[in-house]
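Below is entry02.txt, which holds compact mmCIF, C-alpha atoms.
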```txt
# COMPACT_ATOMS: atom_id res chain seq x y z
CA MET C 937 0.00 0.00 0.00
CA THR C 938 3.07 2.25 -0.15
CA ARG C 939 2.67 5.36 -2.27
CA PRO C 940 5.54 7.58 -3.43
CA ALA C 941 6.72 9.84 -0.60
CA ASN C 942 6.34 12.96 -2.74
CA ARG C 943 2.65 12.39 -3.52
CA ALA C 944 1.68 14.72 -0.68
CA ILE C 945 3.97 17.63 -1.63
CA ARG C 946 2.21 20.72 -3.00
CA PRO C 947 3.77 23.34 -5.30
CA THR C 948 5.30 26.14 -3.20
CA ASP C 949 3.23 29.34 -3.25
CA ASN C 950 3.49 32.67 -1.45
CA ALA C 951 1.07 31.59 1.28
CA ALA C 952 3.45 28.73 2.08
CA ARG C 953 6.45 31.10 2.07
CA ARG C 954 4.64 33.46 4.45
CA MET C 955 3.74 30.61 6.81
CA ALA C 956 7.35 29.42 6.81
CA ARG C 957 8.72 32.90 7.53
CA ASP C 958 6.19 33.37 10.35
CA LEU C 959 7.27 30.09 11.96
CA LEU C 960 10.93 31.18 11.84
CA ALA C 961 10.14 34.64 13.20
CA GLN C 962 8.07 33.34 16.12
CA ALA C 963 10.17 30.38 17.27
CA ARG C 964 12.14 30.76 20.51
CA THR C 965 13.14 27.11 20.78
CA ALA C 966 13.68 24.27 18.32
CA ALA C 967 13.99 20.51 18.41
CA LEU C 968 17.53 19.95 17.14
CA GLY C 969 18.43 16.67 15.46
CA VAL C 970 22.09 15.68 15.25
CA LEU C 971 24.11 12.52 14.68
CA ASP C 972 25.39 10.79 17.82
CA PRO C 973 29.17 10.79 17.22
CA ASP C 974 29.54 7.39 18.92
CA SER C 975 26.77 5.47 17.13
CA GLY C 976 25.76 7.58 14.12
CA ALA C 977 22.14 7.37 15.30
CA PRO C 978 19.89 10.43 15.36
CA MET C 979 19.61 12.37 18.62
CA VAL C 980 17.01 15.10 19.25
CA SER C 981 17.16 17.73 21.97
CA ARG C 982 15.54 21.06 22.82
CA VAL C 983 17.64 24.14 22.10
CA ALA C 984 17.14 27.88 22.11
CA PHE C 985 16.33 29.41 18.71
CA GLY C 986 16.88 32.86 17.35
CA ARG C 987 18.11 34.62 14.24
CA ALA C 988 21.18 36.58 13.29
CA PRO C 989 20.78 40.17 12.01
CA ASP C 990 20.78 38.79 8.43
CA GLY C 991 18.03 36.30 9.30
CA THR C 992 20.23 33.20 9.56
CA PRO C 993 18.80 30.77 12.13
CA LEU C 994 21.00 30.33 15.18
CA SER C 995 21.18 28.85 18.63
CA LEU C 996 23.24 29.35 21.78
CA ILE C 997 24.44 26.03 23.15
CA SER C 998 26.80 24.72 25.82
CA ASP C 999 29.83 22.54 25.21
CA LEU C 1000 28.50 20.44 28.09
CA ALA C 1001 25.53 19.32 25.98
CA ALA C 1002 25.74 16.15 23.90
CA HIS C 1003 24.43 17.98 20.81
CA SER C 1004 27.41 20.35 20.94
CA ARG C 1005 29.92 17.50 20.71
CA ALA C 1006 27.83 15.95 17.93
CA LEU C 1007 27.77 19.14 15.83
CA ALA C 1008 31.51 19.58 16.29
CA ALA C 1009 32.00 16.07 14.84
CA ASP C 1010 29.41 16.37 12.02
CA PRO C 1011 27.72 19.70 11.20
CA ARG C 1012 24.72 18.13 9.46
CA CYS C 1013 21.57 18.75 11.48
CA SER C 1014 17.85 19.38 11.39
CA LEU C 1015 15.66 21.86 13.28
CA LEU C 1016 11.95 21.43 13.91
CA LEU C 1017 10.08 24.68 14.65
CA ASP C 1018 6.52 24.35 15.87
CA GLY C 1019 3.90 27.03 15.70
CA PRO C 1020 1.89 28.08 18.76
CA VAL C 1021 -0.01 25.26 20.46
CA GLU C 1022 -3.76 25.60 20.14
CA ARG C 1023 -6.72 23.33 20.73
CA GLY C 1024 -7.40 20.38 18.46
CA ASP C 1025 -5.15 17.77 16.92
CA PRO C 1026 -1.55 18.99 17.31
CA LEU C 1027 -0.70 17.27 14.03
CA ASN C 1028 -2.94 19.73 12.25
CA HIS C 1029 -0.83 22.72 13.37
CA PRO C 1030 1.86 24.33 11.23
CA ARG C 1031 5.50 23.39 11.73
CA ILE C 1032 8.65 23.47 9.66
CA THR C 1033 11.71 21.22 9.43
CA LEU C 1034 15.01 22.83 8.40
CA GLN C 1035 17.86 20.73 7.00
CA ALA C 1036 21.05 22.62 7.76
CA ARG C 1037 24.76 22.69 8.46
CA ALA C 1038 26.01 24.11 11.73
CA ARG C 1039 28.91 26.54 12.17
CA PHE C 1040 30.14 27.57 15.63
CA VAL C 1041 30.80 31.21 16.56
CA ARG C 1042 32.78 31.07 19.80
CA HIS C 1043 33.97 33.68 22.28
CA GLY C 1044 36.38 36.07 20.59
CA ALA C 1045 35.23 35.19 17.06
CA GLU C 1046 34.62 38.00 14.61
CA GLY C 1047 31.01 39.11 14.56
CA ARG C 1048 30.14 37.59 17.94
CA ASP C 1049 29.41 40.95 19.61
CA ALA C 1050 26.74 41.80 17.03
CA LEU C 1051 25.17 38.38 17.51
CA VAL C 1052 25.12 38.88 21.30
CA ARG C 1053 23.26 42.19 21.06
CA HIS C 1054 20.76 40.88 18.54
CA TYR C 1055 20.21 37.60 20.36
CA LEU C 1056 19.60 39.17 23.78
CA ALA C 1057 16.81 41.25 22.25
CA GLN C 1058 15.13 37.98 21.26
CA GLN C 1059 16.12 35.93 24.32
CA PRO C 1060 16.60 38.33 27.25
CA LYS C 1061 16.91 35.51 29.83
CA ALA C 1062 20.03 34.28 28.05
CA LYS C 1063 21.99 37.15 29.65
CA LEU C 1064 22.35 34.84 32.68
CA TYR C 1065 24.67 32.46 30.80
CA ILE C 1066 25.61 34.01 27.42
CA ASP C 1067 29.06 34.95 28.75
CA PHE C 1068 29.86 31.52 30.23
CA ALA C 1069 33.00 30.12 28.62
CA ASP C 1070 31.26 26.92 27.49
CA PHE C 1071 28.42 28.69 25.62
CA ALA C 1072 28.82 29.29 21.89
CA PHE C 1073 26.58 30.45 19.08
CA VAL C 1074 25.79 28.05 16.28
CA LEU C 1075 24.71 29.46 12.92
CA PHE C 1076 22.58 27.15 10.78
CA ALA C 1077 23.08 27.36 7.00
CA VAL C 1078 19.74 26.07 5.70
CA GLU C 1079 19.89 23.74 2.69
CA LYS C 1080 16.22 22.77 2.46
CA ALA C 1081 13.01 23.14 4.43
CA LEU C 1082 9.91 21.00 4.71
CA LEU C 1083 6.81 22.95 5.72
CA ASN C 1084 3.85 21.07 7.12
CA GLY C 1085 0.82 23.34 7.32
CA GLY C 1086 -1.48 20.59 8.60
CA PHE C 1087 -2.94 17.46 7.06
CA GLY C 1088 -2.29 17.31 3.32
CA LYS C 1089 -0.46 20.65 3.29
CA ALA C 1090 3.21 19.76 2.82
CA PHE C 1091 5.67 21.92 0.89
CA VAL C 1092 9.38 21.64 0.11
CA LEU C 1093 11.03 25.07 0.33
CA ALA C 1094 14.39 26.37 -0.79
CA PRO C 1095 16.51 28.71 1.39
CA ALA C 1096 15.41 31.70 -0.74
CA ASP C 1097 11.78 30.97 0.15
CA LEU C 1098 12.59 31.72 3.79
CA THR C 1099 14.23 35.12 3.29
CA ALA C 1100 12.63 38.49 3.71
CA ALA C 1101 13.34 39.42 0.09
CA GLN C 1102 10.81 36.82 -0.94
CA ALA C 1103 8.21 38.61 1.20
CA SER C 1104 7.97 41.56 -1.18
CA ASP C 1105 6.34 39.49 -3.90
CA ALA C 1106 3.89 37.85 -1.52
CA MET X 849 37.41 25.63 27.09
CA THR X 850 35.82 22.27 26.27
CA ARG X 851 34.91 20.17 29.30
CA PRO X 852 33.99 16.47 29.18
CA ALA X 853 30.42 16.02 27.92
CA ASN X 854 29.45 13.91 30.92
CA ARG X 855 30.43 16.51 33.52
CA ALA X 856 26.83 17.66 33.78
CA ILE X 857 25.22 14.22 34.23
CA ARG X 858 23.82 13.51 37.71
CA PRO X 859 23.37 10.06 39.26
CA THR X 860 19.88 8.74 38.47
CA ASP X 861 17.52 8.87 41.45
CA ASN X 862 13.84 8.13 41.94
CA ALA X 863 12.85 11.77 41.47
CA ALA X 864 14.45 11.64 38.02
CA ARG X 865 12.67 8.36 37.21
CA ARG X 866 9.34 9.87 38.26
CA MET X 867 9.92 12.95 36.12
CA ALA X 868 10.78 10.77 33.13
CA ARG X 869 7.70 8.59 33.56
CA ASP X 870 5.49 11.67 33.89
CA LEU X 871 6.88 13.11 30.64
CA LEU X 872 6.13 9.83 28.83
CA ALA X 873 2.64 9.60 30.32
CA GLN X 874 1.69 13.16 29.40
CA ALA X 875 3.13 13.45 25.89
CA ARG X 876 0.70 13.43 22.97
CA THR X 877 3.25 14.40 20.33
CA ALA X 878 7.00 14.00 19.93
CA ALA X 879 9.78 15.45 17.80
CA LEU X 880 11.01 12.39 15.90
CA GLY X 881 14.59 12.31 14.61
CA VAL X 882 15.44 9.89 11.81
CA LEU X 883 18.19 9.47 9.23
CA ASP X 884 17.41 10.82 5.76
CA PRO X 885 17.78 7.70 3.59
CA ASP X 886 19.20 9.74 0.71
CA SER X 887 21.84 11.76 2.57
CA GLY X 888 22.25 10.10 5.98
CA ALA X 889 21.66 13.50 7.60
CA PRO X 890 19.33 13.89 10.59
CA MET X 891 15.71 14.88 9.90
CA VAL X 892 13.27 15.96 12.64
CA SER X 893 9.48 16.05 12.33
CA ARG X 894 6.43 16.24 14.58
CA VAL X 895 4.60 12.96 15.13
CA ALA X 896 1.79 11.71 17.31
CA PHE X 897 2.88 9.96 20.53
CA GLY X 898 1.18 7.37 22.66
CA ARG X 899 1.92 4.14 24.45
CA ALA X 900 1.05 0.51 23.93
CA PRO X 901 -0.80 -1.39 26.69
CA ASP X 902 2.60 -2.57 28.02
CA GLY X 903 3.91 1.01 28.12
CA THR X 904 6.05 0.84 24.97
CA PRO X 905 6.20 4.25 23.27
CA LEU X 906 4.50 4.31 19.88
CA SER X 907 3.32 6.54 17.09
CA LEU X 908 0.86 6.34 14.22
CA ILE X 909 2.46 7.56 10.99
CA SER X 910 1.67 7.70 7.29
CA ASP X 911 3.69 6.06 4.54
CA LEU X 912 3.37 9.42 2.76
CA ALA X 913 5.61 11.09 5.34
CA ALA X 914 9.36 11.27 4.80
CA HIS X 915 10.03 9.90 8.30
CA SER X 916 8.16 6.71 7.44
CA ARG X 917 10.43 5.93 4.49
CA ALA X 918 13.44 6.81 6.66
CA LEU X 919 12.45 4.42 9.46
CA ALA X 920 11.80 1.64 6.96
CA ALA X 921 15.38 2.09 5.69
CA ASP X 922 17.03 2.49 9.13
CA PRO X 923 15.09 1.90 12.37
CA ARG X 924 17.43 3.98 14.54
CA CYS X 925 15.65 7.07 15.80
CA SER X 926 15.24 9.54 18.63
CA LEU X 927 12.15 11.05 20.24
CA LEU X 928 12.06 14.34 22.14
CA LEU X 929 9.15 14.69 24.56
CA ASP X 930 8.59 18.10 26.08
CA GLY X 931 6.70 18.82 29.25
CA PRO X 932 3.90 21.39 29.37
CA VAL X 933 4.90 24.88 28.28
CA GLU X 934 4.90 27.39 31.13
CA ARG X 935 6.21 30.87 31.59
CA GLY X 936 9.92 31.54 31.85
CA ASP X 937 12.89 30.23 29.93
CA PRO X 938 11.71 27.19 27.95
CA LEU X 939 15.17 25.68 28.36
CA ASN X 940 14.52 25.41 32.09
CA HIS X 941 11.52 23.09 31.54
CA PRO X 942 11.72 19.29 31.77
CA ARG X 943 12.05 17.22 28.61
CA ILE X 944 13.36 13.80 27.72
CA THR X 945 15.19 12.37 24.71
CA LEU X 946 14.64 8.69 23.90
CA GLN X 947 17.14 6.77 21.76
CA ALA X 948 15.18 3.93 20.17
CA ARG X 949 14.66 1.46 17.35
CA ALA X 950 11.41 1.52 15.40
CA ARG X 951 9.30 -1.49 14.46
CA PHE X 952 6.23 -1.13 12.21
CA VAL X 953 2.87 -2.75 13.07
CA ARG X 954 0.85 -2.56 9.88
CA HIS X 955 -2.76 -3.35 8.99
CA GLY X 956 -3.47 -7.04 9.52
CA ALA X 957 -0.45 -7.54 11.82
CA GLU X 958 -0.94 -9.54 15.02
CA GLY X 959 -1.74 -7.34 17.99
CA ARG X 960 -2.81 -4.34 15.92
CA ASP X 961 -6.45 -4.41 17.13
CA ALA X 962 -5.37 -4.07 20.76
CA LEU X 963 -3.10 -1.17 19.82
CA VAL X 964 -5.98 0.54 17.99
CA ARG X 965 -8.30 0.38 20.99
CA HIS X 966 -5.64 1.56 23.42
CA TYR X 967 -4.39 4.31 21.11
CA LEU X 968 -7.81 5.79 20.39
CA ALA X 969 -8.36 6.21 24.13
CA GLN X 970 -5.23 8.41 24.17
CA GLN X 971 -5.71 10.08 20.78
CA PRO X 972 -9.46 10.14 20.01
CA LYS X 973 -9.05 12.41 16.96
CA ALA X 974 -6.96 9.72 15.27
CA LYS X 975 -10.17 7.81 14.50
CA LEU X 976 -10.45 10.05 11.43
CA TYR X 977 -7.44 8.39 9.77
CA ILE X 978 -6.36 5.36 11.80
CA ASP X 979 -7.97 3.01 9.24
CA PHE X 980 -6.38 4.66 6.18
CA ALA X 981 -4.28 2.10 4.31
CA ASP X 982 -1.13 4.23 4.49
CA PHE X 983 -1.20 4.65 8.30
CA ALA X 984 0.80 2.23 10.43
CA PHE X 985 1.81 2.01 14.07
CA VAL X 986 5.47 2.25 14.96
CA LEU X 987 6.64 0.78 18.26
CA PHE X 988 9.80 2.31 19.72
CA ALA X 989 12.13 -0.03 21.61
CA VAL X 990 13.98 2.38 23.90
CA GLU X 991 17.71 1.78 24.34
CA LYS X 992 18.61 4.83 26.41
CA ALA X 993 17.06 8.06 27.60
CA LEU X 994 18.48 11.46 28.43
CA LEU X 995 16.37 13.44 30.88
CA ASN X 996 16.87 17.19 31.11
CA GLY X 997 15.03 18.56 34.13
CA GLY X 998 16.27 22.12 33.59
CA PHE X 999 19.65 23.82 33.85
CA GLY X 1000 22.23 21.53 35.45
CA LYS X 1001 19.72 18.67 35.92
CA ALA X 1002 20.68 16.09 33.30
CA PHE X 1003 20.33 12.34 33.82
CA VAL X 1004 21.04 9.30 31.67
CA LEU X 1005 18.31 6.69 32.16
CA ALA X 1006 18.08 3.03 31.22
CA PRO X 1007 14.88 1.50 29.77
CA ALA X 1008 14.04 -0.03 33.17
CA ASP X 1009 14.01 3.45 34.72
CA LEU X 1010 11.05 4.32 32.51
CA THR X 1011 8.81 1.37 33.38
CA ALA X 1012 5.98 1.32 35.87
CA ALA X 1013 7.68 -1.44 37.92
CA GLN X 1014 10.31 1.11 38.87
CA ALA X 1015 7.57 3.30 40.30
CA SER X 1016 6.91 0.98 43.23
CA ASP X 1017 10.27 1.73 44.84
CA ALA X 1018 9.97 5.47 44.30
```
Spell out the structure here as structure tokens.
Amino acid sequence: MTRPANRAIRPTDNAARRMARDLLAQARTAALGVLDPDSGAPMVSRVAFGRAPDGTPLSLISDLAAHSRALAADPRCSLLLDGPVERGDPLNHPRITLQARARFVRHGAEGRDALVRHYLAQQPKAKLYIDFADFAFVLFAVEKALLNGGFGKAFVLAPADLTAAQASDA
Amino acid sequence: MTRPANRAIRPTDNAARRMARDLLAQARTAALGVLDPDSGAPMVSRVAFGRAPDGTPLSLISDLAAHSRALAADPRCSLLLDGPVERGDPLNHPRITLQARARFVRHGAEGRDALVRHYLAQQPKAKLYIDFADFAFVLFAVEKALLNGGFGKAFVLAPADLTAAQASDA
């Protein structure tokens, strides 16, 4: 009874691009998937989520966390951003999966100060630990995104679909 | 400035076991991490979450979804279960990561009827699609769990820590 996996994918339209950009703009945490460096198996954990001044998705993570060691070993990762929880079947709520590559921006790295200022505006509570030596920013270079707008509303998006420039033709 | 990844892991106690069991009992969705069969990269998506009569974590997923094809190709996966969202820093809220192997229970398979009855009690809205030919149960055999009870409260748990039998000595 297996049908091709792409049967449910709709052509990307501006409504889908808007929904994707809204999910990125509203998210304050993400479910981060990485590869366990010991086993190669997937490993998912909750991380903070924000964006750099140029809109690049980012997180602030500790070297003490298993996902940090995993990303240092293999930068391939995935981020799931969920929309606000409402009543009804949670599987009928919008969410987006980003496929990305991680790049660390550590203490002393060029551009870190600008990230700190921008990030604290989005995540004010992070001021409690942003200066700890083991905390680093991770920038996520998005390669592909899968938007799920609810049952039967799946879209594959390119990085350009997620940028603000795309908003002007919406 | 890197410290060993296990520096932050506390010895497992009964309070940690209780917290883990509560997270499993309350979750109705999970962030599922799988390996993209084309690239081997991690891929995270939102899935339904419930438990079999014996407590085994499970989901009900469609063959149309990319995670279904991924699990059919490689059963290694990870499930992130978040506790209820409250005010404050979301990274200070309890959540648990399960490392598991997936096994499909398809239409006509032995034991499926009992799963259907038990699952619909947990997820009544699933009656709209549980009988669709492309929907199958996936049972998750847990190999390890990482509980994060908030900043500085990380525990590594074994499968036995998550079972009800463990509750009696709590």
What are the closest atom pairs, with distances in Å to one decimal, for all residues of chain C lying within 8 Å of chain X? Consider all atoms listed in the file, order rows by chain and residue number, and present the result as CSV.
```
residue,atom,partner,partner_atom,distance
C:Met937,CA,X:Asp982,CA,6.3
C:Thr938,CA,X:Asp911,CA,6.1
C:Arg939,CA,X:Leu912,CA,6.5
C:Pro940,CA,X:Leu912,CA,6.8
C:Ala941,CA,X:Leu912,CA,4.8
C:Asn942,CA,X:Leu912,CA,7.2
C:Arg943,CA,X:Leu912,CA,7.0
C:Ala944,CA,X:Leu912,CA,6.5
C:Thr965,CA,X:Pro938,CA,7.3
C:Ala967,CA,X:Ala879,CA,6.6
C:Leu968,CA,X:Val892,CA,7.4
C:Gly969,CA,X:Pro890,CA,5.7
C:Val970,CA,X:Pro890,CA,5.7
C:Leu971,CA,X:Pro890,CA,6.4
C:Ala977,CA,X:Arg924,CA,5.9
C:Pro978,CA,X:Cys925,CA,5.4
C:Met979,CA,X:Ser926,CA,5.2
C:Val980,CA,X:Leu928,CA,5.8
C:Ser981,CA,X:Leu928,CA,6.1
C:Arg982,CA,X:Leu939,CA,7.2
C:Val983,CA,X:Leu939,CA,6.9
C:Ala984,CA,X:Leu939,CA,6.9
C:Asp999,CA,X:Thr850,CA,6.1
C:Leu1000,CA,X:Ala853,CA,4.8
C:Ala1001,CA,X:Ala853,CA,6.2
C:Ala1002,CA,X:Ala853,CA,6.2
C:Arg1005,CA,X:Ala853,CA,7.4
C:Arg1012,CA,X:Ala889,CA,5.9
C:Cys1013,CA,X:Pro890,CA,5.4
C:Ser1014,CA,X:Met891,CA,5.2
C:Leu1015,CA,X:Val892,CA,6.4
C:Leu1016,CA,X:Val892,CA,5.8
C:Asp1025,CA,X:Lys973,CA,6.6
C:Pro1026,CA,X:Thr877,CA,7.3
C:Leu1027,CA,X:Ala896,CA,6.9
C:Arg1031,CA,X:Arg894,CA,7.8
C:Ile1032,CA,X:Ser893,CA,7.9
C:Thr1033,CA,X:Ser893,CA,6.3
C:Gln1035,CA,X:Met891,CA,6.9
C:Lys1061,CA,X:Asp937,CA,6.6
C:Ala1069,CA,X:Met849,CA,6.5
C:Asp1070,CA,X:Met849,CA,6.3
```
Could you jot down the atom CA of Phe1091 of chain C to atom CA of Phe897 of chain X separation for me, Å, one decimal place?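 Separating atom CA of Phe1091 of chain C from atom CA of Phe897 of chain X is a distance of 23.2 Å.
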- Query: Which of these residues is nearest to Leu968 of chain X, using all atoms listed in the file: X:Asn940, X:Ser907, X:Thr1011, X:Thr860?
  - Reply: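 Counting all atoms listed in the file, the residue closest to Leu968 of chain X is X:Ser907.
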**Request:** Can you work out the spacing between atom CA of Leu959 of chain C and atom CA of Phe1040 of chain C in Å, to one decimal?
**Result:**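 Rounded to one decimal, the two atoms are 23.3 Å apart.
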Taken to one decimal, the atom CA of Ala1008 of chain X-atom CA of Val990 of chain X distance is 9.6 Å
Q. Using all atoms listed in the file, which of the listed residues (X:Arg865, X:Arg951, X:Arg960, X:Arg858) sits closest to Phe988 of chain X?
A.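 Looking at the shortest contact to Phe988 of chain X, the residue is X:Arg951.
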- Message: Would you pick out the contacts of Asp1097 of chain C at 10 Å or less, using all atoms listed in the file, so that residues sharing its chain but fewer than 6 positions from it are not included, and give the list as number ranges by chain?
- Response: C: 948-950, 952-954, 956-957, 1080-1081, 1103
Would you mind putting back N, CA and C atoms on segment 1032-1061 of chain C, then writing it out as a tab-separated table (two decimals), keeping the file's coordinate frame?
```tsv
chain	number	residue	atom	x	y	z
C	1032	ILE	N	7.70	23.52	10.76
C	1032	ILE	CA	8.65	23.47	9.66
C	1032	ILE	C	9.92	22.74	10.10
C	1033	THR	N	10.45	21.93	9.21
C	1033	THR	CA	11.71	21.22	9.43
C	1033	THR	C	12.78	21.86	8.54
C	1034	LEU	N	13.87	22.30	9.16
C	1034	LEU	CA	15.01	22.83	8.40
C	1034	LEU	C	16.09	21.76	8.33
C	1035	GLN	N	16.66	21.56	7.16
C	1035	GLN	CA	17.86	20.73	7.00
C	1035	GLN	C	19.02	21.71	6.85
C	1036	ALA	N	20.04	21.58	7.70
C	1036	ALA	CA	21.05	22.62	7.76
C	1036	ALA	C	22.42	22.07	8.11
C	1037	ARG	N	23.40	22.97	7.99
C	1037	ARG	CA	24.76	22.69	8.46
C	1037	ARG	C	25.12	23.72	9.51
C	1038	ALA	N	25.71	23.25	10.59
C	1038	ALA	CA	26.01	24.11	11.73
C	1038	ALA	C	27.44	24.66	11.66
C	1039	ARG	N	27.58	25.92	12.07
C	1039	ARG	CA	28.91	26.54	12.17
C	1039	ARG	C	28.99	27.28	13.50
C	1040	PHE	N	29.99	26.95	14.30
C	1040	PHE	CA	30.14	27.57	15.63
C	1040	PHE	C	30.71	28.98	15.53
C	1041	VAL	N	30.22	29.87	16.37
C	1041	VAL	CA	30.80	31.21	16.56
C	1041	VAL	C	31.10	31.32	18.05
C	1042	ARG	N	32.38	31.14	18.39
C	1042	ARG	CA	32.78	31.07	19.80
C	1042	ARG	C	33.23	32.42	20.33
C	1043	HIS	N	33.48	32.46	21.64
C	1043	HIS	CA	33.97	33.68	22.28
C	1043	HIS	C	35.21	34.18	21.54
C	1044	GLY	N	35.23	35.46	21.26
C	1044	GLY	CA	36.38	36.07	20.59
C	1044	GLY	C	36.30	36.04	19.08
C	1045	ALA	N	35.33	35.27	18.52
C	1045	ALA	CA	35.23	35.19	17.06
C	1045	ALA	C	34.67	36.49	16.50
C	1046	GLU	N	35.09	36.79	15.27
C	1046	GLU	CA	34.62	38.00	14.61
C	1046	GLU	C	33.09	37.94	14.44
C	1047	GLY	N	32.46	39.04	14.75
C	1047	GLY	CA	31.01	39.11	14.56
C	1047	GLY	C	30.20	38.66	15.77
C	1048	ARG	N	30.90	38.11	16.79
C	1048	ARG	CA	30.14	37.59	17.94
C	1048	ARG	C	29.40	38.71	18.68
C	1049	ASP	N	30.04	39.88	18.84
C	1049	ASP	CA	29.41	40.95	19.61
C	1049	ASP	C	28.06	41.36	19.01
C	1050	ALA	N	28.00	41.43	17.68
C	1050	ALA	CA	26.74	41.80	17.03
C	1050	ALA	C	25.68	40.72	17.26
C	1051	LEU	N	26.12	39.47	17.24
C	1051	LEU	CA	25.17	38.38	17.51
C	1051	LEU	C	24.64	38.47	18.94
C	1052	VAL	N	25.53	38.79	19.89
C	1052	VAL	CA	25.12	38.88	21.30
C	1052	VAL	C	24.02	39.92	21.46
C	1053	ARG	N	24.25	41.12	20.91
C	1053	ARG	CA	23.26	42.19	21.06
C	1053	ARG	C	21.92	41.78	20.45
C	1054	HIS	N	21.98	41.25	19.24
C	1054	HIS	CA	20.76	40.88	18.54
C	1054	HIS	C	20.03	39.74	19.25
C	1055	TYR	N	20.80	38.78	19.73
C	1055	TYR	CA	20.21	37.60	20.36
C	1055	TYR	C	19.54	37.96	21.68
C	1056	LEU	N	20.18	38.83	22.48
C	1056	LEU	CA	19.60	39.17	23.78
C	1056	LEU	C	18.29	39.94	23.64
C	1057	ALA	N	18.10	40.59	22.49
C	1057	ALA	CA	16.81	41.25	22.25
C	1057	ALA	C	15.72	40.22	22.04
C	1058	GLN	N	16.11	39.05	21.49
C	1058	GLN	CA	15.13	37.98	21.26
C	1058	GLN	C	14.98	37.07	22.47
C	1059	GLN	N	16.08	36.89	23.20
C	1059	GLN	CA	16.12	35.93	24.32
C	1059	GLN	C	16.73	36.61	25.53
C	1060	PRO	N	16.00	37.54	26.15
C	1060	PRO	CA	16.60	38.33	27.25
C	1060	PRO	C	17.11	37.48	28.41
C	1061	LYS	N	16.47	36.33	28.68
C	1061	LYS	CA	16.91	35.51	29.83
C	1061	LYS	C	18.28	34.90	29.60
```
